[in-house]
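K.L.:
Let me begin by handing over the structure; questions about it come next.
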Amino acid sequence: MSSARRKAAGFSSLLLLAAFACLALSGCDELHQDMATQPKNRPLSPSDFFHDGRSERPLLENTVARGSLADDELMIAKDSNAFPLPVDEALLERGRERYGVYCTPCHGLQGDGNGMVALRGMKHPPSYHIDRLRESPNGYFYDVITNGFGQMYGYAAQVPPRDRWAIVAYVRALQLSRHAHAAELPADLRDKLSKGDSAK
């Protein structure tokens, strides 16, 4: 038998084997896939396993969702304007330093939303000096730093609670720097301000 005939015979037997495999597999209704065909219920689907006919089970008493346990002793309600730490120069200085590390890339040094990340194409965050944010309670800022908002990721893993409050205090100082009334300033600053106005 010539080599050409041997090759042709080998090729035809290969074709015959492939055809037989296709024929054998076509008889199977479906392939056996344990993970795909396991018994399960889709969310809110009916179930005859439970007496009430629901697959979704009510929560047991005193159940706390994972990650929802309030283990932060400095946490306050989102709509609260309380401040759980005494605000002093050391806290403001810590807030300025932490703000410089975590917030200025997007919010900018002055809190106007013109940080380097925003200037290079990312959506600009709102300025801290708009009325909506000046009127927002302290708890709102703490919640946003902790959990994030919009494009901002939460900083709970990177910034400890005390530093979050230091940042909130510094943001309030930034807001006050542009919106303080002259009557609220100390006497020496009011004198400087009045002398500056008279020089014009």
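Here's how to read the names in the structure tokens: chain A, B, ... by the order shown, residue numbers from 1 in each chain, ligand numbers from 1 in the order shown.
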Which residues are close to Leu174 (chain A), i.e. within 10 Å by only C-alpha atoms, leaving aside same-chain residues fewer than 6 positions away? Reply as a PDB file with N, CA and C atoms, in the first residue's frame.
P.N.:
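Output (result_19.pdb):
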```
ATOM      1  N   ARG A  96      -5.893  69.572  58.096  1.00  0.00           N
ATOM      2  CA  ARG A  96      -5.244  70.184  56.928  1.00  0.00           C
ATOM      3  C   ARG A  96      -4.254  69.207  56.291  1.00  0.00           C
ATOM      4  N   LEU A 109      -6.715  72.455  46.664  1.00  0.00           N
ATOM      5  CA  LEU A 109      -6.249  73.014  47.939  1.00  0.00           C
ATOM      6  C   LEU A 109      -7.302  73.882  48.617  1.00  0.00           C
ATOM      7  N   GLN A 110      -8.116  74.582  47.830  1.00  0.00           N
ATOM      8  CA  GLN A 110      -9.098  75.497  48.402  1.00  0.00           C
ATOM      9  C   GLN A 110     -10.497  74.895  48.488  1.00  0.00           C
ATOM     10  N   GLY A 111     -10.639  73.633  48.080  1.00  0.00           N
ATOM     11  CA  GLY A 111     -11.939  72.984  48.159  1.00  0.00           C
ATOM     12  C   GLY A 111     -12.902  73.412  47.070  1.00  0.00           C
ATOM     13  N   ASP A 112     -12.372  73.913  45.972  1.00  0.00           N
ATOM     14  CA  ASP A 112     -13.226  74.398  44.882  1.00  0.00           C
ATOM     15  C   ASP A 112     -13.425  73.371  43.766  1.00  0.00           C
ATOM     16  N   TYR A 128     -16.817  72.970  47.713  1.00  0.00           N
ATOM     17  CA  TYR A 128     -17.317  72.994  49.087  1.00  0.00           C
ATOM     18  C   TYR A 128     -17.996  74.325  49.419  1.00  0.00           C
ATOM     19  N   HIS A 129     -17.832  75.304  48.553  1.00  0.00           N
ATOM     20  CA  HIS A 129     -18.327  76.645  48.841  1.00  0.00           C
ATOM     21  C   HIS A 129     -19.722  76.914  48.281  1.00  0.00           C
ATOM     22  N   VAL A 168     -13.253  66.828  58.320  1.00  0.00           N
ATOM     23  CA  VAL A 168     -14.525  67.569  58.334  1.00  0.00           C
ATOM     24  C   VAL A 168     -14.309  68.945  58.949  1.00  0.00           C
TER      25      VAL A 168
END
```
K.L.:
Where in region 88-167 of chain A does DSSP assign helix (DSSP H, G or I), given as a VMD selection string?
P.N.:
chain A and resid 89 to 102 104 to 107 116 to 119 131 to 134 138 to 147 161 to 167
K.L.:
Kindly indicate which residue among A:Val87, A:Glu93, A:Gln175, A:Ile145 lies nearest to Ser127 (chain A), using only C-alpha atoms for the distances.
P.N.:
A:Gln175
K.L.:
Just checking: using only C-alpha atoms, which residue out of A:Val159, A:Val64, A:Arg57, A:Ile76 ends up closest to Tyr102 (chain A)?
P.N.:
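Of all the options, A:Val159 lies closest to Tyr102 (chain A).
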K.L.:
Give me, please, the distance in Å between CA of Arg132 (chain A) and CA of Asn147 (chain A), quoted to one decimal.
P.N.:
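CA of Asn147 (chain A) lies at a distance of 19.3 Å from CA of Arg132 (chain A).
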K.L.:
What is the CA of Leu91 (chain A) to CA of Ile167 (chain A) distance in Å?
P.N.:
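About the pair CA of Leu91 (chain A) and CA of Ile167 (chain A): they are 8.6 Å apart.
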K.L.:
So which residues touch Trp165 (chain A) within 9 Å, counting only C-alpha atoms, skipping near sequence neighbours fewer than 6 positions away, as a list in words?
P.N.:
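So, after excluding close chain neighbours, the residues are Leu74, Phe83, Pro84, Leu85, Leu91, Gly95, Asn138, Phe141 and Tyr142 of chain A.
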K.L.:
With N, CA and C atoms retained, export the selected residues as a PDB file, in the first residue's frame.
P.N.:
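Ended up saving to out.pdb:
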```
ATOM      1  N   LEU A  74     -17.158  57.102  66.996  1.00  0.00           N
ATOM      2  CA  LEU A  74     -17.300  58.512  66.640  1.00  0.00           C
ATOM      3  C   LEU A  74     -18.367  58.746  65.567  1.00  0.00           C
ATOM      4  N   PHE A  83     -20.686  67.446  66.586  1.00  0.00           N
ATOM      5  CA  PHE A  83     -19.262  67.224  66.332  1.00  0.00           C
ATOM      6  C   PHE A  83     -18.711  66.505  67.556  1.00  0.00           C
ATOM      7  N   PRO A  84     -18.348  65.217  67.423  1.00  0.00           N
ATOM      8  CA  PRO A  84     -18.010  64.405  68.598  1.00  0.00           C
ATOM      9  C   PRO A  84     -16.637  64.661  69.214  1.00  0.00           C
ATOM     10  N   LEU A  85     -15.856  65.536  68.623  1.00  0.00           N
ATOM     11  CA  LEU A  85     -14.520  65.840  69.143  1.00  0.00           C
ATOM     12  C   LEU A  85     -14.401  67.331  69.424  1.00  0.00           C
ATOM     13  N   LEU A  91      -6.414  69.680  66.042  1.00  0.00           N
ATOM     14  CA  LEU A  91      -7.328  68.926  65.177  1.00  0.00           C
ATOM     15  C   LEU A  91      -7.390  69.545  63.783  1.00  0.00           C
ATOM     16  N   GLY A  95      -6.312  67.902  60.321  1.00  0.00           N
ATOM     17  CA  GLY A  95      -7.253  67.890  59.213  1.00  0.00           C
ATOM     18  C   GLY A  95      -6.663  68.479  57.945  1.00  0.00           C
ATOM     19  N   ASN A 138     -22.672  68.147  59.495  1.00  0.00           N
ATOM     20  CA  ASN A 138     -21.358  67.507  59.668  1.00  0.00           C
ATOM     21  C   ASN A 138     -21.426  66.005  59.409  1.00  0.00           C
ATOM     22  N   PHE A 141     -20.823  64.988  55.742  1.00  0.00           N
ATOM     23  CA  PHE A 141     -19.425  64.949  55.297  1.00  0.00           C
ATOM     24  C   PHE A 141     -18.721  63.706  55.831  1.00  0.00           C
ATOM     25  N   TYR A 142     -18.977  63.387  57.089  1.00  0.00           N
ATOM     26  CA  TYR A 142     -18.367  62.202  57.685  1.00  0.00           C
ATOM     27  C   TYR A 142     -18.822  60.934  56.951  1.00  0.00           C
TER      28      TYR A 142
END
```
K.L.:
Any idea what the distance is between CA of Ala169 (chain A) and CA of Leu92 (chain A)?
P.N.:
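Answer for the CA of Ala169 (chain A) to CA of Leu92 (chain A) separation: 6.2 Å.
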K.L.:
Kindly indicate which residue among A:Ser80, A:Glu135, A:Pro126, A:Asn62 lies nearest to Gly113 (chain A), using only C-alpha atoms for the distances.
P.N.:
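The shortest atom-to-atom distance to Gly113 (chain A) comes from A:Pro126.
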K.L.:
Could you pull out the residues in region 99-190 of chain A that DSSP calls strand (DSSP E or B) from the backbone, as a ChimeraX atom specification?
P.N.:
/A:148-149,152-153
K.L.:
Can you write out the residues you just picked, keeping N, CA and C atoms, as a PDB file, in the first residue's frame?
P.N.:
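Ended up saving to again-v8.pdb:
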```pdb
ATOM      1  N   GLY A 148     -18.108  57.021  50.726  1.00  0.00           N
ATOM      2  CA  GLY A 148     -17.994  57.491  49.353  1.00  0.00           C
ATOM      3  C   GLY A 148     -19.311  58.038  48.835  1.00  0.00           C
ATOM      4  N   PHE A 149     -19.246  58.666  47.665  1.00  0.00           N
ATOM      5  CA  PHE A 149     -20.442  59.239  47.043  1.00  0.00           C
ATOM      6  C   PHE A 149     -20.119  59.507  45.587  1.00  0.00           C
ATOM      7  N   MET A 152     -16.553  59.185  44.022  1.00  0.00           N
ATOM      8  CA  MET A 152     -15.605  59.099  45.131  1.00  0.00           C
ATOM      9  C   MET A 152     -15.787  57.787  45.880  1.00  0.00           C
ATOM     10  N   TYR A 153     -14.702  57.064  46.048  1.00  0.00           N
ATOM     11  CA  TYR A 153     -14.720  55.835  46.833  1.00  0.00           C
ATOM     12  C   TYR A 153     -14.678  56.183  48.319  1.00  0.00           C
TER      13      TYR A 153
END
```
K.L.:
Residues within 10 Å of Asp79 (chain A), please, as a list in words. Count only C-alpha atoms; anything in the same chain fewer than 6 positions from it doesn't count.
P.N.:
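Listed by chain and then number, they are Ser136, Pro137, Asn138, Gly139, Tyr140, Phe141 and Asp143 of chain A.
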K.L.:
Could you dump the residues just selected with N, CA and C atoms as a PDB file, in the first residue's frame?
P.N.:
```
ATOM      1  N   SER A 136     -24.962  71.608  54.436  1.00  0.00           N
ATOM      2  CA  SER A 136     -25.030  70.182  54.781  1.00  0.00           C
ATOM      3  C   SER A 136     -24.515  69.968  56.198  1.00  0.00           C
ATOM      4  N   PRO A 137     -25.123  69.031  56.940  1.00  0.00           N
ATOM      5  CA  PRO A 137     -24.662  68.781  58.308  1.00  0.00           C
ATOM      6  C   PRO A 137     -23.308  68.084  58.353  1.00  0.00           C
ATOM      7  N   ASN A 138     -22.672  68.147  59.495  1.00  0.00           N
ATOM      8  CA  ASN A 138     -21.358  67.507  59.668  1.00  0.00           C
ATOM      9  C   ASN A 138     -21.426  66.005  59.409  1.00  0.00           C
ATOM     10  N   GLY A 139     -22.516  65.383  59.824  1.00  0.00           N
ATOM     11  CA  GLY A 139     -22.673  63.944  59.626  1.00  0.00           C
ATOM     12  C   GLY A 139     -22.653  63.554  58.160  1.00  0.00           C
ATOM     13  N   TYR A 140     -23.129  64.444  57.295  1.00  0.00           N
ATOM     14  CA  TYR A 140     -23.117  64.169  55.855  1.00  0.00           C
ATOM     15  C   TYR A 140     -21.681  64.050  55.353  1.00  0.00           C
ATOM     16  N   PHE A 141     -20.823  64.988  55.742  1.00  0.00           N
ATOM     17  CA  PHE A 141     -19.425  64.949  55.297  1.00  0.00           C
ATOM     18  C   PHE A 141     -18.721  63.706  55.831  1.00  0.00           C
ATOM     19  N   ASP A 143     -20.100  60.878  56.600  1.00  0.00           N
ATOM     20  CA  ASP A 143     -20.634  59.720  55.887  1.00  0.00           C
ATOM     21  C   ASP A 143     -20.018  59.600  54.488  1.00  0.00           C
TER      22      ASP A 143
END
```
